[in-house]
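Below: the structure, in structure tokens.
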Amino acid sequence: AMTGDGVNDAPALKQASVGVAMGITGTEVAKEAATMILVDDNFATIETAIREGRTVYDNLIKILAFVLPTSFAQGFGISVAVFAGLREPLEAIQVLYVNMITSVTMGMVLALEPPERDIMERPPRMQHKPLLGK
């Protein structure tokens, strides 16, 4: 990461993995070269943004860990019934109800979960690491 506010900082801001320009005192050249603009020129905002970003990422993983297995199980059950020549176990309206009411409600609870205590002690995650898997 690199922070800067002047014309002379623009090349370093452009080359950094995360270039942060100052929004109030920064030049237009620095702002254009940066990946992110610090609107209030307060470095504490960077820490707050990292905390929020890590919380959103963690909660997204939790939502995926809940929604994918339940959706897979639902689809698997319907597929088995269809291939076995049985009557479909769920009507379309029931599938919609399960997905729209149950999954969304539980997903909202997981999405609004507060950050974990050690969220800022963790090292940065790998940039190209997939959401699921290793």
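Simple scheme: letters A, B, ... for chains in structure tokens order, numbers from 1 for residues in each chain, numbers from 1 for ligands in the order shown.
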Based on the backbone DSSP call, show me all residues of chain A assigned alpha helix (DSSP H), as a ChimeraX atom specification. /A:10-15,28-33,44-83,92-97,104-111
Each residue of region 32-120 of chain A lying at most 9 Å from region 21-24 of chain A should get a row with its shortest atom-to-atom pair and the distance in Å to one decimal, counting only C-alpha atoms; could you produce that, ordered by chain and increasing number, as a tab-separated table?
residue	atom	partner	partner_atom	distance
A:Glu32	CA	A:Ala21	CA	8.6
A:Ala33	CA	A:Ala21	CA	8.1
A:Ala34	CA	A:Ala21	CA	5.6
A:Thr35	CA	A:Ala21	CA	7.9
A:Met36	CA	A:Ala21	CA	6.4
A:Ile37	CA	A:Ala21	CA	4.8
A:Leu38	CA	A:Met22	CA	5.0
A:Val39	CA	A:Gly23	CA	4.3
A:Asp40	CA	A:Gly23	CA	6.3
A:Asp41	CA	A:Met22	CA	5.2
A:Asn42	CA	A:Met22	CA	8.5
Those residues with all heavy atoms, as a short mmCIF file (atom, residue, chain, number, x, y, z; two decimals), in the first residue's frame please?
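Result file is again-v8.cif:
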data_model
loop_
_atom_site.label_atom_id
_atom_site.label_comp_id
_atom_site.auth_asym_id
_atom_site.auth_seq_id
_atom_site.Cartn_x
_atom_site.Cartn_y
_atom_site.Cartn_z
N GLU A 32 -6.35 10.54 -9.50
CA GLU A 32 -6.56 9.71 -10.69
C GLU A 32 -5.66 8.47 -10.68
O GLU A 32 -6.05 7.42 -11.18
CB GLU A 32 -6.32 10.54 -11.95
CG GLU A 32 -7.42 11.53 -12.24
CD GLU A 32 -7.15 12.36 -13.49
OE1 GLU A 32 -6.35 11.91 -14.34
OE2 GLU A 32 -7.74 13.44 -13.60
N ALA A 33 -4.48 8.59 -10.11
CA ALA A 33 -3.55 7.46 -10.09
C ALA A 33 -3.87 6.46 -8.98
O ALA A 33 -3.47 5.31 -9.06
CB ALA A 33 -2.12 7.98 -9.91
N ALA A 34 -4.62 6.88 -7.98
CA ALA A 34 -4.87 6.05 -6.81
C ALA A 34 -5.97 5.02 -7.06
O ALA A 34 -6.83 5.20 -7.92
CB ALA A 34 -5.26 6.92 -5.63
N THR A 35 -5.91 3.95 -6.28
CA THR A 35 -6.96 2.94 -6.29
C THR A 35 -8.12 3.39 -5.40
O THR A 35 -9.27 3.11 -5.68
CB THR A 35 -6.42 1.60 -5.71
OG1 THR A 35 -5.22 1.28 -6.39
CG2 THR A 35 -7.42 0.49 -5.86
N MET A 36 -7.78 4.09 -4.33
CA MET A 36 -8.76 4.53 -3.35
C MET A 36 -8.46 5.97 -2.96
O MET A 36 -7.30 6.37 -2.86
CB MET A 36 -8.66 3.61 -2.12
CG MET A 36 -9.63 3.90 -1.03
SD MET A 36 -9.59 2.63 0.26
CE MET A 36 -8.09 3.01 1.11
N ILE A 37 -9.51 6.76 -2.72
CA ILE A 37 -9.33 8.15 -2.30
C ILE A 37 -9.85 8.28 -0.88
O ILE A 37 -10.99 7.91 -0.58
CB ILE A 37 -10.08 9.13 -3.23
CG1 ILE A 37 -9.54 9.00 -4.65
CG2 ILE A 37 -9.97 10.55 -2.72
CD1 ILE A 37 -10.31 9.79 -5.68
N LEU A 38 -9.03 8.80 0.00
CA LEU A 38 -9.39 9.01 1.39
C LEU A 38 -10.08 10.37 1.49
O LEU A 38 -9.42 11.41 1.55
CB LEU A 38 -8.10 8.98 2.23
CG LEU A 38 -8.19 8.57 3.67
CD1 LEU A 38 -8.83 7.20 3.80
CD2 LEU A 38 -6.81 8.54 4.27
N VAL A 39 -11.39 10.36 1.49
CA VAL A 39 -12.17 11.59 1.36
C VAL A 39 -11.92 12.56 2.51
O VAL A 39 -11.87 13.77 2.30
CB VAL A 39 -13.68 11.25 1.26
CG1 VAL A 39 -14.51 12.50 1.16
CG2 VAL A 39 -13.93 10.36 0.07
N ASP A 40 -11.72 12.05 3.73
CA ASP A 40 -11.56 12.94 4.88
C ASP A 40 -10.10 13.17 5.29
O ASP A 40 -9.84 13.84 6.29
CB ASP A 40 -12.35 12.41 6.07
CG ASP A 40 -11.89 11.03 6.52
OD1 ASP A 40 -10.99 10.45 5.88
OD2 ASP A 40 -12.43 10.54 7.53
N ASP A 41 -9.14 12.63 4.54
CA ASP A 41 -7.70 12.77 4.83
C ASP A 41 -7.33 12.25 6.23
O ASP A 41 -6.34 12.69 6.80
CB ASP A 41 -7.25 14.24 4.71
CG ASP A 41 -7.11 14.67 3.26
OD1 ASP A 41 -7.48 13.90 2.37
OD2 ASP A 41 -6.64 15.80 3.03
N ASN A 42 -8.08 11.33 6.76
CA ASN A 42 -7.84 10.79 8.10
C ASN A 42 -7.38 9.34 7.94
O ASN A 42 -8.11 8.50 7.45
CB ASN A 42 -9.11 10.87 8.93
CG ASN A 42 -8.92 10.43 10.35
OD1 ASN A 42 -7.86 9.97 10.74
ND2 ASN A 42 -9.95 10.60 11.16
#
Could the residues of region 110-134 of chain A that have an atom at most 12 Å from region 86-106 of chain A be listed as a Markdown table, each with its closest atom pair and the distance in Å to one decimal, counting only C-alpha atoms and ordered by chain and ascending residue number?
| residue | atom | partner | partner_atom | distance |
| --- | --- | --- | --- | --- |
| A:Leu110 | CA | A:Met106 | CA | 6.4 |
| A:Ala111 | CA | A:Met106 | CA | 8.6 |
| A:Leu112 | CA | A:Met106 | CA | 10.2 |
| A:Glu113 | CA | A:Met106 | CA | 11.1 |
Closest to Thr45 (chain A) among A:Pro69, A:Glu28, A:Glu116, A:Val20, using only C-alpha atoms?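 The closest residue to Thr45 (chain A) is A:Val20.
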In terms of only C-alpha atoms, the residue from A:Pro115, A:Lys31, A:Met120, A:Gly133 at minimal distance from Asp58 (chain A) is A:Pro115
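Relative to CA of Ile63 (chain A), CA of Met108 (chain A) is found at 8.5 Å.
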Among the residues of chain A, find those DSSP assigns to strand (DSSP E or B) from the backbone and print them as an mmCIF file with all heavy atoms, in the first residue's frame.
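Generated output (states-v7.cif):
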data_model
loop_
_atom_site.group_PDB
_atom_site.id
_atom_site.type_symbol
_atom_site.label_atom_id
_atom_site.label_comp_id
_atom_site.auth_asym_id
_atom_site.auth_seq_id
_atom_site.Cartn_x
_atom_site.Cartn_y
_atom_site.Cartn_z
ATOM 1 N N MET A 2 0.343 2.282 -0.557
ATOM 2 C CA MET A 2 1.073 3.550 -0.661
ATOM 3 C C MET A 2 0.074 4.679 -0.486
ATOM 4 O O MET A 2 -1.027 4.631 -1.045
ATOM 5 C CB MET A 2 1.741 3.625 -2.043
ATOM 6 C CG MET A 2 2.210 4.961 -2.486
ATOM 7 S SD MET A 2 3.609 5.511 -1.506
ATOM 8 C CE MET A 2 3.856 7.132 -2.163
ATOM 9 N N THR A 3 0.431 5.682 0.301
ATOM 10 C CA THR A 3 -0.408 6.875 0.423
ATOM 11 C C THR A 3 0.350 8.053 -0.160
ATOM 12 O O THR A 3 1.580 8.116 -0.090
ATOM 13 C CB THR A 3 -0.763 7.167 1.899
ATOM 14 O OG1 THR A 3 0.438 7.355 2.641
ATOM 15 C CG2 THR A 3 -1.583 6.046 2.505
ATOM 16 N N GLY A 4 -0.390 8.968 -0.724
ATOM 17 C CA GLY A 4 0.236 10.149 -1.301
ATOM 18 C C GLY A 4 -0.786 11.219 -1.623
ATOM 19 O O GLY A 4 -1.987 10.963 -1.680
ATOM 20 N N GLY A 19 -3.158 1.986 -3.912
ATOM 21 C CA GLY A 19 -2.709 3.368 -3.834
ATOM 22 C C GLY A 19 -3.799 4.217 -3.225
ATOM 23 O O GLY A 19 -4.928 4.237 -3.710
ATOM 24 N N VAL A 20 -3.474 4.930 -2.134
ATOM 25 C CA VAL A 20 -4.456 5.736 -1.413
ATOM 26 C C VAL A 20 -4.076 7.203 -1.551
ATOM 27 O O VAL A 20 -3.004 7.619 -1.103
ATOM 28 C CB VAL A 20 -4.514 5.336 0.076
ATOM 29 C CG1 VAL A 20 -5.573 6.150 0.801
ATOM 30 C CG2 VAL A 20 -4.783 3.846 0.224
ATOM 31 N N ALA A 21 -4.966 7.989 -2.146
ATOM 32 C CA ALA A 21 -4.730 9.419 -2.306
ATOM 33 C C ALA A 21 -5.571 10.196 -1.305
ATOM 34 O O ALA A 21 -6.632 9.750 -0.881
ATOM 35 C CB ALA A 21 -5.085 9.864 -3.726
ATOM 36 N N MET A 22 -5.079 11.356 -0.936
ATOM 37 C CA MET A 22 -5.809 12.228 -0.022
ATOM 38 C C MET A 22 -6.894 12.988 -0.796
ATOM 39 O O MET A 22 -6.629 13.541 -1.855
ATOM 40 C CB MET A 22 -4.864 13.223 0.650
ATOM 41 C CG MET A 22 -3.766 12.576 1.444
ATOM 42 S SD MET A 22 -4.480 11.587 2.765
ATOM 43 C CE MET A 22 -3.187 10.417 3.024
ATOM 44 N N MET A 36 -7.782 4.092 -4.328
ATOM 45 C CA MET A 36 -8.764 4.533 -3.348
ATOM 46 C C MET A 36 -8.462 5.974 -2.955
ATOM 47 O O MET A 36 -7.297 6.368 -2.861
ATOM 48 C CB MET A 36 -8.665 3.610 -2.120
ATOM 49 C CG MET A 36 -9.627 3.898 -1.025
ATOM 50 S SD MET A 36 -9.586 2.630 0.265
ATOM 51 C CE MET A 36 -8.089 3.006 1.110
ATOM 52 N N ILE A 37 -9.512 6.761 -2.724
ATOM 53 C CA ILE A 37 -9.334 8.147 -2.298
ATOM 54 C C ILE A 37 -9.853 8.277 -0.879
ATOM 55 O O ILE A 37 -10.988 7.907 -0.585
ATOM 56 C CB ILE A 37 -10.083 9.128 -3.231
ATOM 57 C CG1 ILE A 37 -9.541 9.004 -4.652
ATOM 58 C CG2 ILE A 37 -9.973 10.554 -2.717
ATOM 59 C CD1 ILE A 37 -10.312 9.786 -5.679
ATOM 60 N N LEU A 38 -9.026 8.795 0.003
ATOM 61 C CA LEU A 38 -9.386 9.013 1.394
ATOM 62 C C LEU A 38 -10.077 10.369 1.488
ATOM 63 O O LEU A 38 -9.425 11.406 1.549
ATOM 64 C CB LEU A 38 -8.103 8.976 2.231
ATOM 65 C CG LEU A 38 -8.191 8.568 3.669
ATOM 66 C CD1 LEU A 38 -8.832 7.201 3.799
ATOM 67 C CD2 LEU A 38 -6.812 8.537 4.271
#
For region 122-129 of chain A, list every protein, DNA or RNA residue within 10 Å, evaluated using only C-alpha atoms, and leave out those in the same chain fewer than 6 positions away; present the list as a PyMOL selection string. chain A and resi 17+50+54
Selection above as a file: N, CA, C and O atoms, as a compact mmCIF listing (two decimals), in the first residue's frame:
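New file selection.txt:
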# COMPACT_ATOMS: atom_id res chain seq x y z
N SER A 17 -0.02 -1.93 -4.94
CA SER A 17 -1.19 -2.82 -4.99
C SER A 17 -2.44 -2.08 -4.54
O SER A 17 -3.52 -2.30 -5.07
N ILE A 50 -10.76 -1.27 6.51
CA ILE A 50 -10.24 -2.65 6.51
C ILE A 50 -11.08 -3.53 7.42
O ILE A 50 -11.44 -4.65 7.06
N ARG A 54 -13.18 -6.72 6.01
CA ARG A 54 -12.96 -8.08 6.52
C ARG A 54 -14.25 -8.66 7.11
O ARG A 54 -14.51 -9.86 6.98
So which one's closest to Ala30 (chain A), A:Asp118, A:Glu52, A:Asp5, A:Glu47? Using only C-alpha atoms, please. A:Asp5
Within 9 Å of Leu64 (chain A) using only C-alpha atoms, minus same-chain residues under 3 positions, as an NGL selection string: :A and (59-61 or 67-69 or 107 or 131-132)
Residues from the last selection, all heavy atoms, saved as a compact mmCIF listing (two decimals), in the first residue's frame:
# COMPACT_ATOMS: atom_id res chain seq x y z
N ASN A 59 -18.60 -12.54 6.66
CA ASN A 59 -20.04 -12.81 6.65
C ASN A 59 -20.49 -13.39 5.31
O ASN A 59 -21.39 -14.23 5.28
CB ASN A 59 -20.82 -11.55 6.99
CG ASN A 59 -20.64 -11.14 8.45
OD1 ASN A 59 -20.12 -11.89 9.26
ND2 ASN A 59 -21.07 -9.94 8.78
N LEU A 60 -19.87 -12.99 4.24
CA LEU A 60 -20.19 -13.56 2.93
C LEU A 60 -19.83 -15.04 2.89
O LEU A 60 -20.60 -15.86 2.38
CB LEU A 60 -19.44 -12.81 1.82
CG LEU A 60 -19.69 -13.27 0.39
CD1 LEU A 60 -21.15 -13.09 0.02
CD2 LEU A 60 -18.81 -12.50 -0.57
N ILE A 61 -18.70 -15.39 3.45
CA ILE A 61 -18.30 -16.80 3.54
C ILE A 61 -19.32 -17.60 4.36
O ILE A 61 -19.71 -18.71 3.99
CB ILE A 61 -16.88 -16.94 4.16
CG1 ILE A 61 -15.84 -16.26 3.29
CG2 ILE A 61 -16.53 -18.40 4.40
CD1 ILE A 61 -15.65 -16.86 1.93
N VAL A 67 -26.04 -21.26 2.48
CA VAL A 67 -26.95 -21.32 1.34
C VAL A 67 -26.60 -22.45 0.37
O VAL A 67 -27.48 -23.15 -0.12
CB VAL A 67 -26.99 -19.97 0.60
CG1 VAL A 67 -27.73 -20.06 -0.71
CG2 VAL A 67 -27.65 -18.92 1.49
N LEU A 68 -25.33 -22.65 0.07
CA LEU A 68 -24.95 -23.66 -0.91
C LEU A 68 -25.36 -25.08 -0.52
O LEU A 68 -25.97 -25.77 -1.33
CB LEU A 68 -23.46 -23.57 -1.22
CG LEU A 68 -23.05 -22.37 -2.07
CD1 LEU A 68 -21.55 -22.36 -2.29
CD2 LEU A 68 -23.77 -22.34 -3.40
N PRO A 69 -25.06 -25.55 0.68
CA PRO A 69 -25.49 -26.92 1.03
C PRO A 69 -27.00 -27.09 1.05
O PRO A 69 -27.51 -28.12 0.62
CB PRO A 69 -24.89 -27.16 2.42
CG PRO A 69 -23.81 -26.17 2.56
CD PRO A 69 -24.20 -24.99 1.72
N GLY A 107 -29.92 -15.76 5.87
CA GLY A 107 -28.81 -15.03 5.27
C GLY A 107 -28.68 -13.63 5.84
O GLY A 107 -27.57 -13.13 6.05
N LEU A 131 -13.33 -17.65 -2.93
CA LEU A 131 -14.24 -17.59 -1.78
C LEU A 131 -14.43 -18.96 -1.15
O LEU A 131 -14.51 -19.08 0.07
CB LEU A 131 -15.60 -17.05 -2.21
CG LEU A 131 -15.68 -15.56 -2.45
CD1 LEU A 131 -17.04 -15.17 -3.01
CD2 LEU A 131 -15.41 -14.79 -1.18
N LEU A 132 -14.52 -19.97 -1.97
CA LEU A 132 -14.72 -21.33 -1.47
C LEU A 132 -13.51 -22.17 -1.83
O LEU A 132 -12.90 -21.99 -2.87
CB LEU A 132 -15.97 -21.95 -2.09
CG LEU A 132 -17.27 -21.21 -1.77
CD1 LEU A 132 -18.41 -21.80 -2.55
CD2 LEU A 132 -17.56 -21.24 -0.28
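Distance-wise, CA of Gly26 (chain A) and CA of Val7 (chain A) end up 8.6 Å apart.
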Looking at only C-alpha atoms, which of A:Leu13, A:Val80, A:Val56, A:Ala1 is the one that sits closest to Ile119 (chain A)?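 Looking at the shortest contact to Ile119 (chain A), the residue is A:Val56.
Of the residues listed (A:Val18, A:Ala84, A:Ala73, A:Ala10), A:Val18 shows the shortest atom-to-atom separation from Ile46 (chain A); distances use only C-alpha atoms.
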